[in-house]
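The structure under discussion appears below in the form of structure tokens.
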Amino acid sequence: MSDAKLLVGPFNRVEGDLEIRLELSGGRVARAEANSPLFRGFERILLGKRPEDALTITPRICGICSISQSMAAALALADLAGARMPPEAMRAAAILHGVENLCDHLTHFYLFFMPDFARAGYAGREWHGQMAERFTAAEGSGLRAAVEARARLFHIVGLLGGKWPHTLAIQPGGVTRAPTRRDRIRMQADLRQSRAFLERALFGAPLEAFAALETPAQYAGWETGDAGLFLRAAADLDLSALGRGPGRFLSWGAYPLPGGRAWAAGLWDGTARAADPGLVAEDLSHAWMLGATAHPMTGETLPDEEMRETAYSWCKAPRYGGQAVETGALARQAVAGHPLARALAAEPGVTARIGGRLLEIARLQILLEEQVAALRPEARFMDRVALPAEGEGQGLVEAARGALGHWIRVEKGRIAGYQIIAPTTWNFSPRDSDGTPGPVEAALVGAPVAEGEEVPLAVQHVVRSFDPCMNCTVH
Amino acid sequence: MNILWLQAAGCGGCTMSLLCAESPGVFDLFEGAGLDFLWHPTFSEATGAEVRRLLERVEDGRQPLDILCVEGAVLTGPRGTGRYQMLAGTGRPLLDWVRSLAPRAAHVVAVGTCATYGGVSSAGENLTEAMGLQYEGHHRGGILGEGFRDPSGLPVVNVAGCPTHPDWVTETLMLLAEGALGADALDPLGRPRFYADTLIHHGCPKNEFYEYKASAEHLSEIGCMMEHLGCIGTQAVGDCNIRGWNGGESCTRAGYPCIACTAPEFEEPGHGFAETPKFAGIPVGLPTDMPKAWFMALASLSKAATPARVAKNAVSDRIAVPPSLRKPRG
């Protein structure tokens with residue numbers, strides 16, 4: 001194929017608005033720009049409001065990771081107040097949050113990512129018939145079963161949080177509903193149903209068997225369930241070589257529990273390192289934003305109404321120690337020390353990213369079962385927290401898609417600064433002032449584009465393998 | 001009937017909620033009701049150029065459109081251009097697309113409080129100049145104008161809620177498909193009356209506490225949240241406590257106040273979401289249709305009559321005192 005440009009948008013089956021601009025050379029992507037074409041201004045909406053208003057407003061940044069936003073806001077306010085939830089409230093909040101993350105992974109795999117393999121462009125591949133039966137958009141048998149399993153699993157969020165999305169149940173001092181013994185066994189029943197779906201449909205085997213995989217070869221050799229079907233196609237299409245990210249992974253650590261975070265925080269680049277939020281800065285050189293590179297505690301959100309020619313996205317470019325990093329389930333599991341995730345992180349392409357998510361589905365279901373079993377209904381679930389009129393706080397959590405941070409500054413009892421860095425802000429950041437592309441922009445380089453392909457399949461696999469949430473990105 | 005669904009400036013949560021439809025699941029339900037998606041950004045196969053061609057065909061009339069659903073507020077900023085949201089790949093503001101496509105549709109449905117009235121997307125200084133399809137907060141107008149009517153004479157159908165309950169959306173679409181949603185089926189704010197003719201208070205498990213004004217003083221206590229914790233379930237429309245969410249639950253069932261997310265301007269209450277504004281110690285907002293003098297008289301009387309059980313439970317985080325058992329007869 002001769003050199004050409006290609007515009008892919010509206011890019012669907014991602015959360016929110018995304019446009020990808022490609023420059024092609026020799027039948028491959030030579031350069032990519034990820035554009036978030038929507039500006040929402042939540043950081044501005046929050047200015048001047050009461051700090052506790054963030055608990056109502058920030059979940060509404062995102063309809064798919066609403067509880068992650070709740071958690072980040074509650075932890076930021078708790079940090080501001082120097083408070084901590086009582087132990088069992090931490091557990092209840094972790095259950096709420098974990099269920100959302102598990103449901104998000106199911107939504108990604110069944111609704112967003114897999115339907116591309118059922119496309120007519122793959123007709124004739126030995127696996128295509130089975131893919132079409134399981135995953136055809138809105139129709140596949142696997143997809144429909146997963147949507148129903150997800151809806152049932154959300155009953156746990158109903159029970160503890162009233163509704164999904166947009167609960168107000170998670171507060172800096174704990175959770176608003178003290179679960180009863182009856183609630184606990186009800187949640188166990190819901191989780192048994194969830195496990196049955198995962199073992200029957202997704203893995204075709206006990207979850208523990210998948211969670212025990214240690215090497216990429218063992219993973220690639222997994223044959224059963226929808227996971228096995230994906231791996232057959234992935235091997236055929238060589239998806240492990242496609243969409244390689246920067247190889248540097250960040251996680252803020254998932255699920256604060258009485259004994260610490262269930263999955264540790266850190267940075268993984270082949271070596272485990274501590275994660276220092278002080279090293280985060282947002283670069284605005286290619287974003288339609290005004291101002292200088294800044295740490296989120298001092299950063300501002302000043303949209304460039306002129307939408308200057310030298311920029312191309314409403315997304316800021318967060319960097320960790322000046323470098324682009326990838327975040328998500330693979331990052332979380334690698335940082336947490338799982339051997340399969342660490343091995344896959346060394347070959348960080350499409351197959352690895354999906355592997356990180358599948359691994360986390362298995363491990364998260366098990367973690368949720370443990371936490372519900374450990375929940376003590378007789379305990380206290382809320383402490384009173386008085387928010388100071390002046391101060392700062394940060395709330396760092398892991399959404400399904402990766403590292404999420406809220407940074408709040410309060411003056412005279414009102415919000416004077418509120419900055420949010422969402423997972424997709426990391427993964428779909430535009431270039432920085434050094435011209436270094438964001439993770440997905442780099443990962444797209446080299447993706448094959450066949451003659452006449454308007455919406456290249458390889459590009460879709462790479463973009464969707466990150467599970468972008470553009471709503472969060474452009475808060 | 002076919003449906004085209006566009007996402008404007010919102011969180012996508014109304015779609016995420018829609019996917020929680022149960023018995024039947026959302027895809028079985030639509031298929032059974034003969035509702036077919038031309039395109040939906042979250043679950044349709046088509047992407048990029050395929051979608052652009054579809055939108056062009058709808059715009060020039062080659063593809064008839066039955067129902068246009070818009071989720072999210074429409075951004076008219078900066079300075080009226082709508083360029084804060086360009087529909088990806090098209091080089092045109094979403095504002096422009098919605099204004100162009102709405103007159104092509106047999107019906108237009110605004111899904112969620114952002115699309116109906118502006119909602120959280122229009123909160124604060126509203127830098128993005130966000131508004132609803134036919135309202136800007138309480139004010140009629142919006143991006144389509146007060147006079148907009150579909151070919152059948154209906155205004156924009158406002159399925160308000162933040163998020164919307166999955167059934168509010170599916171039932172609205174099924175009623176439209178059946179031709180059973182006339183102008184008389186909408187309330188004065190354009191909301192379907194099948195869920196807007198009831199109050200969140202109806203079916204609230206805190207009703208006994210409400211009867212005696214036995215109030216929770218802090219979040220996590222199980223008493224009524226009207227007096228101290230900002231709950232306006234007695235003034236907010238919706239059937240959350242009748243129908244139930246995610247397996248039968250609701251905000252008040254989970255121990256936090258109703259913030260009237262089905263109403264215009266709920267996002268700017270003028271006080272904390274979980275605190276009740278008071279004048280001389282008396283809550284400012286009255287239950288819907290309740291004369292003030294009677295409310296005051298009944299409240300003081302019922303407060304004085306509060307059984308010890310109800311008073312104690314109201315400030316506990318779980319039932320501390322169970323109801324007394326009736327004595328057996330004879």
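Ordered as shown in the structure tokens, chains take letters A, B, and onward, while each chain numbers its residues from 1 and ligands are numbered from 1 in the order shown.
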Please report as a PyMOL selection string which residues of chain A come no farther than 6 Å from chain B, using only C-alpha atoms.
chain A and resi 8-13+19+37-39+45+61-63+137+148+151+155+158+161-163+176-177+471
Would you save the residues from that selection as a PDB file, in the first residue's frame, using N, CA and C atoms?
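Just written: out-v2.pdb:
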```pdb
ATOM      1  N   VAL A   8      -9.943   6.998  11.634  1.00  0.00           N
ATOM      2  CA  VAL A   8     -10.872   6.002  12.149  1.00  0.00           C
ATOM      3  C   VAL A   8     -11.719   6.643  13.262  1.00  0.00           C
ATOM      4  N   GLY A   9     -12.975   6.849  12.972  1.00  0.00           N
ATOM      5  CA  GLY A   9     -13.896   7.437  13.940  1.00  0.00           C
ATOM      6  C   GLY A   9     -15.246   7.586  13.283  1.00  0.00           C
ATOM      7  N   PRO A  10     -16.341   7.520  14.019  1.00  0.00           N
ATOM      8  CA  PRO A  10     -16.339   7.256  15.458  1.00  0.00           C
ATOM      9  C   PRO A  10     -15.881   5.834  15.783  1.00  0.00           C
ATOM     10  N   PHE A  11     -14.967   5.736  16.727  1.00  0.00           N
ATOM     11  CA  PHE A  11     -14.384   4.450  17.110  1.00  0.00           C
ATOM     12  C   PHE A  11     -15.252   3.885  18.221  1.00  0.00           C
ATOM     13  N   ASN A  12     -16.073   2.899  17.887  1.00  0.00           N
ATOM     14  CA  ASN A  12     -17.033   2.455  18.904  1.00  0.00           C
ATOM     15  C   ASN A  12     -16.571   1.213  19.630  1.00  0.00           C
ATOM     16  N   ARG A  13     -17.494   0.674  20.423  1.00  0.00           N
ATOM     17  CA  ARG A  13     -17.176  -0.396  21.373  1.00  0.00           C
ATOM     18  C   ARG A  13     -15.958  -0.054  22.220  1.00  0.00           C
ATOM     19  N   GLU A  19     -11.201   9.137  18.336  1.00  0.00           N
ATOM     20  CA  GLU A  19     -10.844   9.244  16.919  1.00  0.00           C
ATOM     21  C   GLU A  19      -9.360   8.903  16.814  1.00  0.00           C
ATOM     22  N   PRO A  37     -12.113  13.687  21.258  1.00  0.00           N
ATOM     23  CA  PRO A  37     -12.744  14.885  20.673  1.00  0.00           C
ATOM     24  C   PRO A  37     -13.824  15.528  21.541  1.00  0.00           C
ATOM     25  N   LEU A  38     -13.874  15.174  22.819  1.00  0.00           N
ATOM     26  CA  LEU A  38     -14.897  15.719  23.715  1.00  0.00           C
ATOM     27  C   LEU A  38     -14.226  16.296  24.946  1.00  0.00           C
ATOM     28  N   PHE A  39     -14.637  17.506  25.337  1.00  0.00           N
ATOM     29  CA  PHE A  39     -14.174  18.111  26.586  1.00  0.00           C
ATOM     30  C   PHE A  39     -15.354  18.261  27.517  1.00  0.00           C
ATOM     31  N   ILE A  45     -16.070  21.991  37.012  1.00  0.00           N
ATOM     32  CA  ILE A  45     -17.379  21.906  37.679  1.00  0.00           C
ATOM     33  C   ILE A  45     -17.200  21.857  39.196  1.00  0.00           C
ATOM     34  N   ILE A  61     -18.550  11.114  36.400  1.00  0.00           N
ATOM     35  CA  ILE A  61     -17.556  11.227  35.326  1.00  0.00           C
ATOM     36  C   ILE A  61     -17.694  10.025  34.416  1.00  0.00           C
ATOM     37  N   CYS A  62     -18.008   8.894  35.032  1.00  0.00           N
ATOM     38  CA  CYS A  62     -17.919   7.658  34.270  1.00  0.00           C
ATOM     39  C   CYS A  62     -19.007   6.689  34.632  1.00  0.00           C
ATOM     40  N   GLY A  63     -19.756   6.263  33.625  1.00  0.00           N
ATOM     41  CA  GLY A  63     -20.832   5.311  33.862  1.00  0.00           C
ATOM     42  C   GLY A  63     -20.363   3.886  33.936  1.00  0.00           C
ATOM     43  N   ALA A 137     -21.724  -9.177  17.316  1.00  0.00           N
ATOM     44  CA  ALA A 137     -22.170  -8.029  18.110  1.00  0.00           C
ATOM     45  C   ALA A 137     -23.665  -8.105  18.374  1.00  0.00           C
ATOM     46  N   GLU A 148     -26.104 -11.098  30.730  1.00  0.00           N
ATOM     47  CA  GLU A 148     -27.037 -11.494  31.791  1.00  0.00           C
ATOM     48  C   GLU A 148     -26.302 -11.874  33.073  1.00  0.00           C
ATOM     49  N   ALA A 151     -25.395  -8.649  34.738  1.00  0.00           N
ATOM     50  CA  ALA A 151     -26.547  -7.999  35.388  1.00  0.00           C
ATOM     51  C   ALA A 151     -26.842  -8.667  36.736  1.00  0.00           C
ATOM     52  N   HIS A 155     -26.223  -7.448  41.312  1.00  0.00           N
ATOM     53  CA  HIS A 155     -27.120  -7.486  42.467  1.00  0.00           C
ATOM     54  C   HIS A 155     -26.343  -7.233  43.759  1.00  0.00           C
ATOM     55  N   GLY A 158     -26.224  -3.664  44.082  1.00  0.00           N
ATOM     56  CA  GLY A 158     -27.553  -3.226  44.516  1.00  0.00           C
ATOM     57  C   GLY A 158     -27.690  -3.372  46.025  1.00  0.00           C
ATOM     58  N   GLY A 161     -24.940  -1.077  47.663  1.00  0.00           N
ATOM     59  CA  GLY A 161     -24.807   0.295  47.160  1.00  0.00           C
ATOM     60  C   GLY A 161     -26.081   0.893  46.596  1.00  0.00           C
ATOM     61  N   GLY A 162     -27.191   0.129  46.625  1.00  0.00           N
ATOM     62  CA  GLY A 162     -28.475   0.681  46.201  1.00  0.00           C
ATOM     63  C   GLY A 162     -28.735   0.599  44.722  1.00  0.00           C
ATOM     64  N   LYS A 163     -27.773   1.025  43.928  1.00  0.00           N
ATOM     65  CA  LYS A 163     -27.944   0.940  42.476  1.00  0.00           C
ATOM     66  C   LYS A 163     -26.592   1.073  41.803  1.00  0.00           C
ATOM     67  N   THR A 176     -22.546   3.373  53.761  1.00  0.00           N
ATOM     68  CA  THR A 176     -23.802   3.819  54.371  1.00  0.00           C
ATOM     69  C   THR A 176     -24.715   2.673  54.786  1.00  0.00           C
ATOM     70  N   ARG A 177     -24.475   1.499  54.261  1.00  0.00           N
ATOM     71  CA  ARG A 177     -25.348   0.394  54.656  1.00  0.00           C
ATOM     72  C   ARG A 177     -24.536  -0.702  55.336  1.00  0.00           C
ATOM     73  N   ASN A 471     -14.673   8.536  28.373  1.00  0.00           N
ATOM     74  CA  ASN A 471     -15.445   9.435  29.246  1.00  0.00           C
ATOM     75  C   ASN A 471     -14.590   9.914  30.404  1.00  0.00           C
TER      76      ASN A 471
END
```
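All residues of region 120-172 of chain B that DSSP, run on the backbone, classes as helix (DSSP H, G or I) are B:Val120, B:Ser121, B:Ser122, B:Pro166, B:Asp167, B:Trp168, B:Val169, B:Thr170, B:Glu171, B:Thr172.
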Test item: residues at most 10 Å from Thr298 (chain A), only C-alpha atoms, excluding those fewer than 4 positions along its chain, as number ranges by chain
A: 281, 293-294, 407-409, 416-419
The selected residues should be written to file as an mmCIF file, in the first residue's frame (atoms: N, CA and C atoms).
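Writing the result to again.cif gives the following:
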```cif
data_model
loop_
_atom_site.group_PDB
_atom_site.id
_atom_site.type_symbol
_atom_site.label_atom_id
_atom_site.label_comp_id
_atom_site.auth_asym_id
_atom_site.auth_seq_id
_atom_site.Cartn_x
_atom_site.Cartn_y
_atom_site.Cartn_z
ATOM 1 N N ALA A 281 3.375 14.007 36.553
ATOM 2 C CA ALA A 281 3.132 15.361 36.044
ATOM 3 C C ALA A 281 2.348 15.255 34.748
ATOM 4 N N THR A 293 3.336 22.261 32.398
ATOM 5 C CA THR A 293 3.388 20.917 32.956
ATOM 6 C C THR A 293 3.340 21.020 34.479
ATOM 7 N N ALA A 294 2.486 20.214 35.097
ATOM 8 C CA ALA A 294 2.345 20.353 36.546
ATOM 9 C C ALA A 294 1.952 19.042 37.202
ATOM 10 N N TRP A 407 -6.854 14.288 43.151
ATOM 11 C CA TRP A 407 -6.080 15.181 44.005
ATOM 12 C C TRP A 407 -6.946 16.399 44.320
ATOM 13 N N ILE A 408 -7.207 16.616 45.617
ATOM 14 C CA ILE A 408 -8.102 17.714 46.005
ATOM 15 C C ILE A 408 -7.350 18.721 46.881
ATOM 16 N N ARG A 409 -7.640 19.997 46.655
ATOM 17 C CA ARG A 409 -7.095 21.075 47.479
ATOM 18 C C ARG A 409 -8.275 21.893 47.969
ATOM 19 N N ALA A 416 -10.650 24.224 45.971
ATOM 20 C CA ALA A 416 -9.839 25.211 45.260
ATOM 21 C C ALA A 416 -9.086 24.560 44.106
ATOM 22 N N GLY A 417 -8.958 23.260 44.154
ATOM 23 C CA GLY A 417 -8.316 22.526 43.069
ATOM 24 C C GLY A 417 -8.770 21.082 43.121
ATOM 25 N N TYR A 418 -9.103 20.521 41.969
ATOM 26 C CA TYR A 418 -9.462 19.098 41.914
ATOM 27 C C TYR A 418 -8.957 18.568 40.592
ATOM 28 N N GLN A 419 -7.997 17.681 40.636
ATOM 29 C CA GLN A 419 -7.458 17.105 39.413
ATOM 30 C C GLN A 419 -7.631 15.593 39.455
#
```
Can you pull out every residue from region 77-307 of chain A that DSSP, working from the backbone, puts in strand (DSSP E or B), and format the result as a VMD selection string?
chain A and resid 170 to 171 174 to 175 249 to 251 254 to 257 260 to 263 266 to 268 272 to 273 280 to 283 287 289 to 290 294 302 to 303
Please write the residues from the selection above to a file, keeping C-alpha atoms, as a PDB file, in the first residue's frame.
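So selection23.pdb came out as:
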```pdb
ATOM      1  CA  ILE A 170     -19.036   4.954  49.793  1.00  0.00           C
ATOM      2  CA  GLN A 171     -18.063   7.779  52.124  1.00  0.00           C
ATOM      3  CA  GLY A 174     -17.131   4.065  55.598  1.00  0.00           C
ATOM      4  CA  VAL A 175     -20.206   2.708  53.850  1.00  0.00           C
ATOM      5  CA  PHE A 249       3.606  -0.575  33.990  1.00  0.00           C
ATOM      6  CA  LEU A 250       2.042   1.469  36.774  1.00  0.00           C
ATOM      7  CA  SER A 251      -0.439   0.383  39.441  1.00  0.00           C
ATOM      8  CA  ALA A 254      -5.988  -2.424  44.367  1.00  0.00           C
ATOM      9  CA  TYR A 255      -8.460  -2.848  47.205  1.00  0.00           C
ATOM     10  CA  PRO A 256      -7.407  -1.238  50.479  1.00  0.00           C
ATOM     11  CA  LEU A 257      -8.206  -3.839  53.150  1.00  0.00           C
ATOM     12  CA  GLY A 260      -3.137  -3.385  53.345  1.00  0.00           C
ATOM     13  CA  ARG A 261      -3.899  -3.420  49.645  1.00  0.00           C
ATOM     14  CA  ALA A 262      -4.788  -6.865  48.280  1.00  0.00           C
ATOM     15  CA  TRP A 263      -2.678  -6.178  45.189  1.00  0.00           C
ATOM     16  CA  GLY A 266       4.249  -0.076  42.237  1.00  0.00           C
ATOM     17  CA  LEU A 267       5.989   0.198  38.923  1.00  0.00           C
ATOM     18  CA  TRP A 268       7.104  -2.809  36.876  1.00  0.00           C
ATOM     19  CA  ALA A 272       9.694  -4.095  40.772  1.00  0.00           C
ATOM     20  CA  ARG A 273       9.903  -0.500  41.973  1.00  0.00           C
ATOM     21  CA  VAL A 280       3.481  12.298  38.277  1.00  0.00           C
ATOM     22  CA  ALA A 281       3.132  15.361  36.044  1.00  0.00           C
ATOM     23  CA  GLU A 282       0.733  16.259  33.261  1.00  0.00           C
ATOM     24  CA  ASP A 283       2.219  17.627  30.035  1.00  0.00           C
ATOM     25  CA  ALA A 287      -3.543  18.890  24.439  1.00  0.00           C
ATOM     26  CA  MET A 289      -5.126  22.972  27.338  1.00  0.00           C
ATOM     27  CA  LEU A 290      -3.349  26.077  28.525  1.00  0.00           C
ATOM     28  CA  ALA A 294       2.345  20.353  36.546  1.00  0.00           C
ATOM     29  CA  LEU A 302      -7.838  25.708  31.231  1.00  0.00           C
ATOM     30  CA  PRO A 303      -9.262  24.606  27.882  1.00  0.00           C
TER      31      PRO A 303
END
```
Nearest candidate to Ala297 (chain B) (options B:His139, B:Leu175, B:Leu54, B:Lys213; using only C-alpha atoms):
B:Lys213
Nearest residue to Cys469 (chain A) from the set A:Ser194, A:Thr56, A:Thr424, A:Thr351 (distances using only C-alpha atoms):
A:Thr424
Please compute the CA of Glu454 (chain A)-CA of Cys315 (chain A) distance, one decimal, in Å.
25.1 Å
Residue nearest Glu275 (chain B) among B:Gly230, B:Glu146, B:Trp168, B:Cys261 (counting only C-alpha atoms)
B:Gly230
